Amino acid sequence: MEQLPLLASHQAQGAITLPGSKSISNRTLLLAALSNGVTEIRDLLASDDTSRMLEALEKLGVKCENFAKNAWRVAGCNGNFPNKNADLFLGNAGTAFRPLTAALALAGGEYTLSGVPRMHERPIGDLVNALRLTGANIEYLGNDGFPPLKISPANINLDKAIAIRGDVSSQFLTALLMALPLTGKQASIEVIGELISKPYIEITLNLMAKFGVIVHRDGWQRFTIAANSAYTSPKQIFVEGDASSASYFLAAGAIAGNVRVEGLGKDSIQGDVLFAEALALMGGEISYGENYIASSKANKIKAIDLDCNHIPDAAMTLAIVALFADGTTTLRNIASWRVKETDRIAAMTAELRKVGAIVEEGADYIKITPPAQLTPNAVIDTYDDHRMAMCFSLVTLGGVPITINDPNCVAKTFPNFFAEFKKLVY
């Protein structure tokens with residue numbers, strides 16, 4: 001296994017321009033593919049996840065042209081994929097697998113969708129059950145409730161509202177919302193239970209509106225798409241910098257210096273931009289500009305007890321900041337961590353203990369009590385999870401060296417993360 005030693009550091013200083021948001025990038029690629037017209041997408045994230053989506057779209061007959069750095073021209077298929085038979089490999093890209101499952105279930109073709117072994121452990125049963133309520137023809141090729149999947153043509157009936165659980169993954173609702181306009185019929189979705197990760201649904205609705213489809217929302221329980229809805233290209237669209245990726249650099253500033261993150265402002269459509277407010281609660285000095293957020297060293301990092309439903313990915317970074325706090329930090333409402341690239345609650349618990357923290361984990365929470373002194377030379381396992389690798393780089397700001405196992409897992413969203421991190425810390 002490849003390993004990356006990271007030296008002890010004490011300060012973080014400088015500026016970074018963020019890569020594009022993964023959530024926005026893959027949603028935008030699919031919406032552009034489904035729209036009427038050609039869309040130029042600027043500042044698209046270059047990563048494993050977006051590569052999987054681009055490969056899938058091209059196999060489905062959608063022309064995608066890389067005409068400049070991080071810029072793609074996508075010729076939309078007006079809601080009708082040209083290829084009606086395709087085998088798609090989607091790696092561990094949930095932002096590709098879930099929306100494509102829904103879109104292809106309504107596309108009238110024969111498709112198989114598969115991924116890496118971890119993707120075949122990530123639940124998709126609630127989405128499949130919801131699609132089957134419409135008459136969709138989806139089979140499990142392995143274990144019930146999990147990929148890989150086989151999708152066949154079906155007669156779709158939307159006379160009744162589609163029920164979907166909201167407490168497992170917001171990507172299931174996103175997938176339904178993005179796919180249903182393909183039918184041309186009025187469609188309603190009812191969310192059963194509490195909807196987690198609401199800001200990710202806000203991203204979906206915002207982007208659908210940019211492509212000409214307005215969803216009527218009744219609270220967070222019912223969503224309605226009008227008959228004859230259809231996606232139309234906005235001609236050109238820019239992808240915001242990734243707010244989840246911003247969290248590592250903003251945290252570095254709060255722990256040890258002054259860091260400015262370019263490509264993201266307070267008016268971002270991404271929920272994880274609210275990480276900056278959580279960091280301010282912990283004592284970080286936060287300031288905003290039109291297209292940047294800056295973070296300066298806290299006089300004292302304070303322990304917090306926080307409901308993290310609104311920032312599920314960025315909350316992982318708070319777990320590392322908690323190592324520098326003045327008491328026990330509790331992060332709540334993070335059940336979605338259990339079904340991500342790895343079981344993030346279990347993984348975070350195991351690795352935080354390696355650096356000396358006292359950690360308590362529950363079904364949907366984690367409590368972190370920092371050690372009097374961080375344990376040096378910890379070897380951090382990353383579980384093929386990009387966010388584990390990026391989060392734990394911050395431990396070095398406590399003046400201790402660490403080693404990151406399988407550092408290349410960051411290619412999922414931020415291939416040059418460690419090079420950028422090393423420019424800022426010393």
# chains A, B, ... in the order shown; residues from 1 in each chain; ligands from 1

call {"tool": "closest_atom_pairs", "arguments": {"of": "region 86-137 of chain A", "to": "region 23-45 of chain A", "cutoff": "12 Å", "atoms": "only C-alpha atoms", "output": "CSV"}}
result
residue,atom,partner,partner_atom,distance
A:Ala93,CA,A:Asn26,CA,9.4
A:Gly94,CA,A:Ser23,CA,9.8
A:Thr95,CA,A:Asn26,CA,6.3
A:Ala96,CA,A:Asn26,CA,6.5
A:Phe97,CA,A:Asn26,CA,10.2
A:Arg98,CA,A:Arg27,CA,10.8
A:Pro99,CA,A:Leu30,CA,8.1
A:Leu100,CA,A:Leu30,CA,8.1
A:Thr101,CA,A:Leu30,CA,11.7
A:Ala102,CA,A:Leu30,CA,11.5
A:Ala103,CA,A:Leu34,CA,9.1
A:Leu104,CA,A:Leu34,CA,11.1
A:Ala107,CA,A:Leu34,CA,10.7

call {"tool": "residues_around", "arguments": {"residues": "region 199-205 of chain A", "least_positions_apart": "3", "cutoff": "9 Å", "atoms": "only C-alpha atoms", "output": "short mmCIF file (atom, residue, chain, number, x, y, z; two decimals) with N, CA, C and O atoms, in the first residue's frame"}}
result
data_model
loop_
_atom_site.label_atom_id
_atom_site.label_comp_id
_atom_site.auth_asym_id
_atom_site.auth_seq_id
_atom_site.Cartn_x
_atom_site.Cartn_y
_atom_site.Cartn_z
N SER A 23 -20.78 17.65 -6.15
CA SER A 23 -22.24 17.56 -6.20
C SER A 23 -22.82 18.36 -7.37
O SER A 23 -23.70 17.89 -8.08
N ILE A 24 -22.29 19.56 -7.57
CA ILE A 24 -22.78 20.39 -8.67
C ILE A 24 -22.30 19.84 -10.01
O ILE A 24 -23.06 19.79 -10.99
N ARG A 27 -24.34 16.58 -11.10
CA ARG A 27 -25.73 16.96 -11.40
C ARG A 27 -25.79 17.74 -12.71
O ARG A 27 -26.66 17.51 -13.55
N SER A 170 -30.08 11.60 0.87
CA SER A 170 -30.79 12.60 0.07
C SER A 170 -30.60 12.35 -1.41
O SER A 170 -31.36 12.86 -2.24
N GLN A 171 -29.58 11.56 -1.78
CA GLN A 171 -29.36 11.27 -3.21
C GLN A 171 -30.52 10.50 -3.83
O GLN A 171 -30.74 10.58 -5.04
N LEU A 173 -33.78 11.04 -3.24
CA LEU A 173 -34.75 12.06 -3.64
C LEU A 173 -34.22 12.86 -4.82
O LEU A 173 -34.96 13.15 -5.77
N THR A 174 -32.95 13.22 -4.77
CA THR A 174 -32.33 13.94 -5.90
C THR A 174 -32.50 13.15 -7.19
O THR A 174 -32.85 13.70 -8.24
N LEU A 177 -36.15 13.37 -8.41
CA LEU A 177 -36.46 14.73 -8.89
C LEU A 177 -35.87 14.97 -10.28
O LEU A 177 -36.54 15.50 -11.17
N MET A 178 -34.62 14.58 -10.48
CA MET A 178 -33.96 14.84 -11.75
C MET A 178 -34.52 13.99 -12.89
O MET A 178 -34.54 14.41 -14.05
N ILE A 196 -32.97 14.01 5.48
CA ILE A 196 -31.63 14.41 5.89
C ILE A 196 -30.96 15.18 4.76
O ILE A 196 -31.38 15.13 3.61
N MET A 208 -31.93 22.31 -11.34
CA MET A 208 -33.06 21.99 -12.22
C MET A 208 -33.71 23.26 -12.75
O MET A 208 -34.06 23.35 -13.93
N ALA A 209 -33.81 24.26 -11.89
CA ALA A 209 -34.41 25.54 -12.31
C ALA A 209 -33.55 26.22 -13.38
O ALA A 209 -34.07 26.81 -14.33
N LYS A 210 -32.23 26.11 -13.25
CA LYS A 210 -31.34 26.69 -14.27
C LYS A 210 -31.52 26.01 -15.61
O LYS A 210 -31.27 26.62 -16.66
N VAL A 213 -36.64 23.59 -15.30
CA VAL A 213 -37.69 22.81 -14.64
C VAL A 213 -37.85 23.31 -13.21
O VAL A 213 -36.92 23.22 -12.41
N ILE A 214 -39.02 23.83 -12.92
CA ILE A 214 -39.32 24.34 -11.57
C ILE A 214 -40.11 23.28 -10.81
O ILE A 214 -41.13 22.78 -11.30
N VAL A 215 -39.63 22.94 -9.63
CA VAL A 215 -40.31 21.96 -8.78
C VAL A 215 -41.07 22.69 -7.69
O VAL A 215 -40.52 23.57 -7.01
N ILE A 269 -24.75 28.05 -3.39
CA ILE A 269 -25.93 27.19 -3.32
C ILE A 269 -25.64 25.89 -2.56
O ILE A 269 -26.53 25.07 -2.39
N GLN A 270 -24.40 25.72 -2.10
CA GLN A 270 -24.03 24.49 -1.40
C GLN A 270 -24.23 24.63 0.11
O GLN A 270 -23.78 25.60 0.71
N GLY A 271 -24.87 23.65 0.70
CA GLY A 271 -25.12 23.70 2.13
C GLY A 271 -23.85 23.69 2.95
O GLY A 271 -23.79 24.29 4.03
N ASP A 272 -22.79 23.03 2.45
CA ASP A 272 -21.56 22.93 3.23
C ASP A 272 -20.85 24.26 3.40
O ASP A 272 -19.90 24.35 4.18
N ASN A 309 -27.01 17.99 10.48
CA ASN A 309 -27.82 17.56 9.35
C ASN A 309 -27.58 18.43 8.11
O ASN A 309 -27.64 17.95 6.98
N HIS A 310 -27.28 19.71 8.34
CA HIS A 310 -27.15 20.66 7.23
C HIS A 310 -25.76 20.62 6.58
O HIS A 310 -25.57 21.18 5.51
N ILE A 311 -24.77 19.98 7.24
CA ILE A 311 -23.41 19.93 6.67
C ILE A 311 -22.81 18.52 6.85
O ILE A 311 -21.74 18.37 7.46
#

call {"tool": "select_by_dssp", "arguments": {"residues": "region 47-279 of chain A", "states": "alpha helix (DSSP H)", "output": "ChimeraX atom specification"}}
result
/A:48-59,94-105,125-133,170-179,198-210,243-256,275-279

call {"tool": "closest_residue", "arguments": {"among": "A:Asp384, A:Ser245, A:Ile402, A:Pro82", "to": "Gly108 (chain A)", "atoms": "only C-alpha atoms"}}
result
A:Pro82

call {"tool": "residues_around", "arguments": {"residues": "region 364-375 of chain A", "least_positions_apart": "3", "cutoff": "9 Å", "atoms": "only C-alpha atoms", "output": "PyMOL selection string"}}
result
chain A and resi 303+305+319-320+322-338+345+348-349+352+354-361+378+395+398-400

call {"tool": "write_last_selection", "arguments": {"atoms": "C-alpha atoms", "output": "PDB file, in the first residue's frame"}}
result
ATOM      1  CA  ALA A 303     -15.993  22.520  22.091  1.00  0.00           C
ATOM      2  CA  ASP A 305     -22.619  20.301  20.567  1.00  0.00           C
ATOM      3  CA  ALA A 319     -14.379  16.087  14.116  1.00  0.00           C
ATOM      4  CA  ILE A 320     -10.701  16.884  13.495  1.00  0.00           C
ATOM      5  CA  ALA A 322     -12.430  18.923  17.925  1.00  0.00           C
ATOM      6  CA  LEU A 323      -8.918  17.553  18.628  1.00  0.00           C
ATOM      7  CA  PHE A 324      -7.840  21.144  19.321  1.00  0.00           C
ATOM      8  CA  ALA A 325     -10.877  22.158  21.419  1.00  0.00           C
ATOM      9  CA  ASP A 326     -11.190  22.950  25.124  1.00  0.00           C
ATOM     10  CA  GLY A 327     -13.559  20.068  25.949  1.00  0.00           C
ATOM     11  CA  THR A 328     -15.823  17.386  24.489  1.00  0.00           C
ATOM     12  CA  THR A 329     -17.398  18.073  21.077  1.00  0.00           C
ATOM     13  CA  THR A 330     -20.571  16.243  20.048  1.00  0.00           C
ATOM     14  CA  LEU A 331     -21.647  16.032  16.394  1.00  0.00           C
ATOM     15  CA  ARG A 332     -25.251  14.847  16.035  1.00  0.00           C
ATOM     16  CA  ASN A 333     -27.671  13.800  13.277  1.00  0.00           C
ATOM     17  CA  ILE A 334     -24.919  12.265  11.140  1.00  0.00           C
ATOM     18  CA  ALA A 335     -26.532   8.874  10.418  1.00  0.00           C
ATOM     19  CA  SER A 336     -25.786   9.386   6.701  1.00  0.00           C
ATOM     20  CA  TRP A 337     -22.078   8.920   7.522  1.00  0.00           C
ATOM     21  CA  ARG A 338     -22.831   5.206   7.898  1.00  0.00           C
ATOM     22  CA  ILE A 345     -18.664   7.119  12.047  1.00  0.00           C
ATOM     23  CA  MET A 348     -13.523   8.328  12.247  1.00  0.00           C
ATOM     24  CA  THR A 349     -13.801   6.739  15.703  1.00  0.00           C
ATOM     25  CA  LEU A 352      -9.223   9.574  16.098  1.00  0.00           C
ATOM     26  CA  LYS A 354      -4.948   6.512  17.062  1.00  0.00           C
ATOM     27  CA  VAL A 355      -4.004  10.143  17.715  1.00  0.00           C
ATOM     28  CA  GLY A 356      -5.054   9.921  21.370  1.00  0.00           C
ATOM     29  CA  ALA A 357      -8.670  11.129  21.409  1.00  0.00           C
ATOM     30  CA  ILE A 358     -11.350   9.604  23.620  1.00  0.00           C
ATOM     31  CA  VAL A 359     -14.263   8.859  21.285  1.00  0.00           C
ATOM     32  CA  GLU A 360     -17.818   7.656  21.787  1.00  0.00           C
ATOM     33  CA  GLU A 361     -19.877   6.652  18.758  1.00  0.00           C
ATOM     34  CA  ALA A 378       0.038   7.704  13.881  1.00  0.00           C
ATOM     35  CA  VAL A 395      -3.729  16.631  12.595  1.00  0.00           C
ATOM     36  CA  GLY A 398      -0.892  20.022  16.238  1.00  0.00           C
ATOM     37  CA  GLY A 399       2.865  19.695  15.794  1.00  0.00           C
ATOM     38  CA  VAL A 400       2.891  15.936  15.179  1.00  0.00           C
TER      39      VAL A 400
END

call {"tool": "atom_distance", "arguments": {"atom1": "CA of Phe421 (chain A)", "atom2": "CA of Asn92 (chain A)"}}
result
24.4 Å

call {"tool": "closest_atom_pairs", "arguments": {"of": "region 279-333 of chain A", "to": "region 262-267 of chain A", "cutoff": "6 Å", "atoms": "only C-alpha atoms", "output": "JSON lines"}}
result
{"residue": "A:Glu290", "atom": "CA", "partner": "A:Gly265", "partner_atom": "CA", "distance": 5.4}
{"residue": "A:Asn291", "atom": "CA", "partner": "A:Gly265", "partner_atom": "CA", "distance": 4.4}
{"residue": "A:Tyr292", "atom": "CA", "partner": "A:Glu262", "partner_atom": "CA", "distance": 4.5}

call {"tool": "closest_residue", "arguments": {"among": "A:Leu424, A:Val410, A:Ala254, A:Met1", "to": "Ala46 (chain A)", "atoms": "only C-alpha atoms"}}
result
A:Val410

call {"tool": "atom_distance", "arguments": {"atom1": "CA of Ser9 (chain A)", "atom2": "CA of Tyr288 (chain A)"}}
result
26.2 Å

call {"tool": "atom_distance", "arguments": {"atom1": "CA of Ile237 (chain A)", "atom2": "CA of Arg222 (chain A)"}}
result
28.3 Å

call {"tool": "decode", "arguments": {"residues": "region 160-210 of chain A", "atoms": "N, CA and C atoms", "output": "PDB file, in the first residue's frame"}}
result
ATOM      1  N   LYS A 160     -50.223   7.986  -8.900  1.00  0.00           N
ATOM      2  CA  LYS A 160     -50.109   8.135  -7.445  1.00  0.00           C
ATOM      3  C   LYS A 160     -48.773   8.774  -7.097  1.00  0.00           C
ATOM      4  N   ALA A 161     -48.744   9.457  -5.944  1.00  0.00           N
ATOM      5  CA  ALA A 161     -47.490  10.034  -5.460  1.00  0.00           C
ATOM      6  C   ALA A 161     -46.493   8.911  -5.167  1.00  0.00           C
ATOM      7  N   ILE A 162     -45.223   9.187  -5.431  1.00  0.00           N
ATOM      8  CA  ILE A 162     -44.152   8.217  -5.175  1.00  0.00           C
ATOM      9  C   ILE A 162     -43.624   8.446  -3.762  1.00  0.00           C
ATOM     10  N   ALA A 163     -43.649   7.407  -2.954  1.00  0.00           N
ATOM     11  CA  ALA A 163     -43.143   7.528  -1.575  1.00  0.00           C
ATOM     12  C   ALA A 163     -41.669   7.138  -1.537  1.00  0.00           C
ATOM     13  N   ILE A 164     -40.874   7.948  -0.832  1.00  0.00           N
ATOM     14  CA  ILE A 164     -39.442   7.673  -0.683  1.00  0.00           C
ATOM     15  C   ILE A 164     -39.008   8.031   0.731  1.00  0.00           C
ATOM     16  N   ARG A 165     -38.251   7.145   1.357  1.00  0.00           N
ATOM     17  CA  ARG A 165     -37.711   7.463   2.687  1.00  0.00           C
ATOM     18  C   ARG A 165     -36.719   8.607   2.569  1.00  0.00           C
ATOM     19  N   GLY A 166     -36.737   9.485   3.568  1.00  0.00           N
ATOM     20  CA  GLY A 166     -35.831  10.631   3.545  1.00  0.00           C
ATOM     21  C   GLY A 166     -34.657  10.518   4.482  1.00  0.00           C
ATOM     22  N   ASP A 167     -34.596   9.421   5.256  1.00  0.00           N
ATOM     23  CA  ASP A 167     -33.624   9.357   6.350  1.00  0.00           C
ATOM     24  C   ASP A 167     -32.410   8.487   6.059  1.00  0.00           C
ATOM     25  N   VAL A 168     -32.234   8.022   4.803  1.00  0.00           N
ATOM     26  CA  VAL A 168     -31.069   7.202   4.470  1.00  0.00           C
ATOM     27  C   VAL A 168     -30.071   8.008   3.645  1.00  0.00           C
ATOM     28  N   SER A 169     -30.511   8.550   2.515  1.00  0.00           N
ATOM     29  CA  SER A 169     -29.635   9.342   1.656  1.00  0.00           C
ATOM     30  C   SER A 169     -30.472  10.331   0.861  1.00  0.00           C
ATOM     31  N   SER A 170     -30.077  11.596   0.872  1.00  0.00           N
ATOM     32  CA  SER A 170     -30.789  12.597   0.074  1.00  0.00           C
ATOM     33  C   SER A 170     -30.600  12.348  -1.415  1.00  0.00           C
ATOM     34  N   GLN A 171     -29.581  11.556  -1.783  1.00  0.00           N
ATOM     35  CA  GLN A 171     -29.358  11.270  -3.207  1.00  0.00           C
ATOM     36  C   GLN A 171     -30.516  10.498  -3.829  1.00  0.00           C
ATOM     37  N   PHE A 172     -31.291   9.757  -3.019  1.00  0.00           N
ATOM     38  CA  PHE A 172     -32.441   9.036  -3.567  1.00  0.00           C
ATOM     39  C   PHE A 172     -33.496  10.025  -4.054  1.00  0.00           C
ATOM     40  N   LEU A 173     -33.782  11.042  -3.240  1.00  0.00           N
ATOM     41  CA  LEU A 173     -34.746  12.056  -3.641  1.00  0.00           C
ATOM     42  C   LEU A 173     -34.216  12.860  -4.818  1.00  0.00           C
ATOM     43  N   THR A 174     -32.947  13.225  -4.773  1.00  0.00           N
ATOM     44  CA  THR A 174     -32.332  13.938  -5.898  1.00  0.00           C
ATOM     45  C   THR A 174     -32.500  13.148  -7.194  1.00  0.00           C
ATOM     46  N   ALA A 175     -32.267  11.846  -7.124  1.00  0.00           N
ATOM     47  CA  ALA A 175     -32.371  10.999  -8.320  1.00  0.00           C
ATOM     48  C   ALA A 175     -33.782  11.039  -8.904  1.00  0.00           C
ATOM     49  N   LEU A 176     -34.798  10.905  -8.037  1.00  0.00           N
ATOM     50  CA  LEU A 176     -36.182  10.954  -8.511  1.00  0.00           C
ATOM     51  C   LEU A 176     -36.518  12.314  -9.112  1.00  0.00           C
ATOM     52  N   LEU A 177     -36.146  13.373  -8.415  1.00  0.00           N
ATOM     53  CA  LEU A 177     -36.460  14.727  -8.887  1.00  0.00           C
ATOM     54  C   LEU A 177     -35.871  14.972 -10.278  1.00  0.00           C
ATOM     55  N   MET A 178     -34.615  14.579 -10.484  1.00  0.00           N
ATOM     56  CA  MET A 178     -33.958  14.845 -11.755  1.00  0.00           C
ATOM     57  C   MET A 178     -34.516  13.990 -12.888  1.00  0.00           C
ATOM     58  N   ALA A 179     -34.988  12.791 -12.559  1.00  0.00           N
ATOM     59  CA  ALA A 179     -35.437  11.867 -13.608  1.00  0.00           C
ATOM     60  C   ALA A 179     -36.876  12.091 -14.051  1.00  0.00           C
ATOM     61  N   LEU A 180     -37.755  12.459 -13.136  1.00  0.00           N
ATOM     62  CA  LEU A 180     -39.191  12.468 -13.444  1.00  0.00           C
ATOM     63  C   LEU A 180     -39.599  13.399 -14.590  1.00  0.00           C
ATOM     64  N   PRO A 181     -38.922  14.542 -14.813  1.00  0.00           N
ATOM     65  CA  PRO A 181     -39.315  15.350 -15.978  1.00  0.00           C
ATOM     66  C   PRO A 181     -39.200  14.608 -17.301  1.00  0.00           C
ATOM     67  N   LEU A 182     -38.427  13.513 -17.349  1.00  0.00           N
ATOM     68  CA  LEU A 182     -38.284  12.763 -18.597  1.00  0.00           C
ATOM     69  C   LEU A 182     -39.603  12.133 -19.046  1.00  0.00           C
ATOM     70  N   THR A 183     -40.518  11.939 -18.121  1.00  0.00           N
ATOM     71  CA  THR A 183     -41.792  11.298 -18.463  1.00  0.00           C
ATOM     72  C   THR A 183     -42.752  12.242 -19.166  1.00  0.00           C
ATOM     73  N   GLY A 184     -42.578  13.540 -18.967  1.00  0.00           N
ATOM     74  CA  GLY A 184     -43.513  14.523 -19.510  1.00  0.00           C
ATOM     75  C   GLY A 184     -44.827  14.592 -18.764  1.00  0.00           C
ATOM     76  N   LYS A 185     -44.975  13.765 -17.725  1.00  0.00           N
ATOM     77  CA  LYS A 185     -46.226  13.718 -16.963  1.00  0.00           C
ATOM     78  C   LYS A 185     -46.077  14.463 -15.637  1.00  0.00           C
ATOM     79  N   GLN A 186     -47.231  14.856 -15.056  1.00  0.00           N
ATOM     80  CA  GLN A 186     -47.171  15.406 -13.697  1.00  0.00           C
ATOM     81  C   GLN A 186     -46.754  14.285 -12.746  1.00  0.00           C
ATOM     82  N   ALA A 187     -45.887  14.629 -11.816  1.00  0.00           N
ATOM     83  CA  ALA A 187     -45.395  13.624 -10.870  1.00  0.00           C
ATOM     84  C   ALA A 187     -45.248  14.260  -9.494  1.00  0.00           C
ATOM     85  N   SER A 188     -45.594  13.485  -8.469  1.00  0.00           N
ATOM     86  CA  SER A 188     -45.444  13.948  -7.092  1.00  0.00           C
ATOM     87  C   SER A 188     -44.629  12.938  -6.297  1.00  0.00           C
ATOM     88  N   ILE A 189     -43.823  13.467  -5.397  1.00  0.00           N
ATOM     89  CA  ILE A 189     -43.006  12.634  -4.511  1.00  0.00           C
ATOM     90  C   ILE A 189     -43.363  12.997  -3.078  1.00  0.00           C
ATOM     91  N   GLU A 190     -43.600  11.978  -2.253  1.00  0.00           N
ATOM     92  CA  GLU A 190     -43.833  12.191  -0.829  1.00  0.00           C
ATOM     93  C   GLU A 190     -42.670  11.606  -0.042  1.00  0.00           C
ATOM     94  N   VAL A 191     -42.071  12.422   0.827  1.00  0.00           N
ATOM     95  CA  VAL A 191     -40.941  11.988   1.638  1.00  0.00           C
ATOM     96  C   VAL A 191     -41.483  11.416   2.945  1.00  0.00           C
ATOM     97  N   ILE A 192     -41.064  10.189   3.245  1.00  0.00           N
ATOM     98  CA  ILE A 192     -41.482   9.522   4.471  1.00  0.00           C
ATOM     99  C   ILE A 192     -40.402   9.740   5.529  1.00  0.00           C
ATOM    100  N   GLY A 193     -40.799  10.296   6.688  1.00  0.00           N
ATOM    101  CA  GLY A 193     -39.840  10.559   7.756  1.00  0.00           C
ATOM    102  C   GLY A 193     -39.079  11.846   7.515  1.00  0.00           C
ATOM    103  N   GLU A 194     -38.091  12.097   8.365  1.00  0.00           N
ATOM    104  CA  GLU A 194     -37.306  13.333   8.248  1.00  0.00           C
ATOM    105  C   GLU A 194     -36.358  13.244   7.065  1.00  0.00           C
ATOM    106  N   LEU A 195     -36.285  14.326   6.285  1.00  0.00           N
ATOM    107  CA  LEU A 195     -35.363  14.390   5.164  1.00  0.00           C
ATOM    108  C   LEU A 195     -34.003  14.866   5.661  1.00  0.00           C
ATOM    109  N   ILE A 196     -32.972  14.012   5.482  1.00  0.00           N
ATOM    110  CA  ILE A 196     -31.630  14.414   5.886  1.00  0.00           C
ATOM    111  C   ILE A 196     -30.961  15.184   4.758  1.00  0.00           C
ATOM    112  N   SER A 197     -29.921  15.911   5.102  1.00  0.00           N
ATOM    113  CA  SER A 197     -29.076  16.592   4.109  1.00  0.00           C
ATOM    114  C   SER A 197     -29.898  17.489   3.182  1.00  0.00           C
ATOM    115  N   LYS A 198     -30.807  18.259   3.768  1.00  0.00           N
ATOM    116  CA  LYS A 198     -31.682  19.127   2.955  1.00  0.00           C
ATOM    117  C   LYS A 198     -30.919  20.048   2.004  1.00  0.00           C
ATOM    118  N   PRO A 199     -29.755  20.591   2.405  1.00  0.00           N
ATOM    119  CA  PRO A 199     -29.049  21.493   1.473  1.00  0.00           C
ATOM    120  C   PRO A 199     -28.685  20.845   0.145  1.00  0.00           C
ATOM    121  N   TYR A 200     -28.504  19.516   0.125  1.00  0.00           N
ATOM    122  CA  TYR A 200     -28.195  18.857  -1.146  1.00  0.00           C
ATOM    123  C   TYR A 200     -29.426  18.828  -2.051  1.00  0.00           C
ATOM    124  N   ILE A 201     -30.610  18.799  -1.465  1.00  0.00           N
ATOM    125  CA  ILE A 201     -31.833  18.909  -2.262  1.00  0.00           C
ATOM    126  C   ILE A 201     -31.973  20.327  -2.805  1.00  0.00           C
ATOM    127  N   GLU A 202     -31.569  21.310  -2.009  1.00  0.00           N
ATOM    128  CA  GLU A 202     -31.578  22.697  -2.491  1.00  0.00           C
ATOM    129  C   GLU A 202     -30.684  22.837  -3.728  1.00  0.00           C
ATOM    130  N   ILE A 203     -29.518  22.187  -3.715  1.00  0.00           N
ATOM    131  CA  ILE A 203     -28.638  22.228  -4.889  1.00  0.00           C
ATOM    132  C   ILE A 203     -29.369  21.644  -6.099  1.00  0.00           C
ATOM    133  N   THR A 204     -30.007  20.505  -5.907  1.00  0.00           N
ATOM    134  CA  THR A 204     -30.730  19.845  -7.001  1.00  0.00           C
ATOM    135  C   THR A 204     -31.813  20.753  -7.574  1.00  0.00           C
ATOM    136  N   LEU A 205     -32.638  21.330  -6.700  1.00  0.00           N
ATOM    137  CA  LEU A 205     -33.740  22.184  -7.159  1.00  0.00           C
ATOM    138  C   LEU A 205     -33.213  23.428  -7.869  1.00  0.00           C
ATOM    139  N   ASN A 206     -32.130  23.997  -7.333  1.00  0.00           N
ATOM    140  CA  ASN A 206     -31.536  25.187  -7.940  1.00  0.00           C
ATOM    141  C   ASN A 206     -31.037  24.886  -9.350  1.00  0.00           C
ATOM    142  N   LEU A 207     -30.347  23.764  -9.517  1.00  0.00           N
ATOM    143  CA  LEU A 207     -29.806  23.419 -10.831  1.00  0.00           C
ATOM    144  C   LEU A 207     -30.906  23.032 -11.811  1.00  0.00           C
ATOM    145  N   MET A 208     -31.932  22.310 -11.341  1.00  0.00           N
ATOM    146  CA  MET A 208     -33.055  21.985 -12.219  1.00  0.00           C
ATOM    147  C   MET A 208     -33.705  23.262 -12.748  1.00  0.00           C
ATOM    148  N   ALA A 209     -33.815  24.264 -11.885  1.00  0.00           N
ATOM    149  CA  ALA A 209     -34.409  25.544 -12.311  1.00  0.00           C
ATOM    150  C   ALA A 209     -33.551  26.216 -13.383  1.00  0.00           C
ATOM    151  N   LYS A 210     -32.226  26.108 -13.249  1.00  0.00           N
ATOM    152  CA  LYS A 210     -31.339  26.692 -14.267  1.00  0.00           C
ATOM    153  C   LYS A 210     -31.520  26.012 -15.612  1.00  0.00           C
TER     154      LYS A 210
END
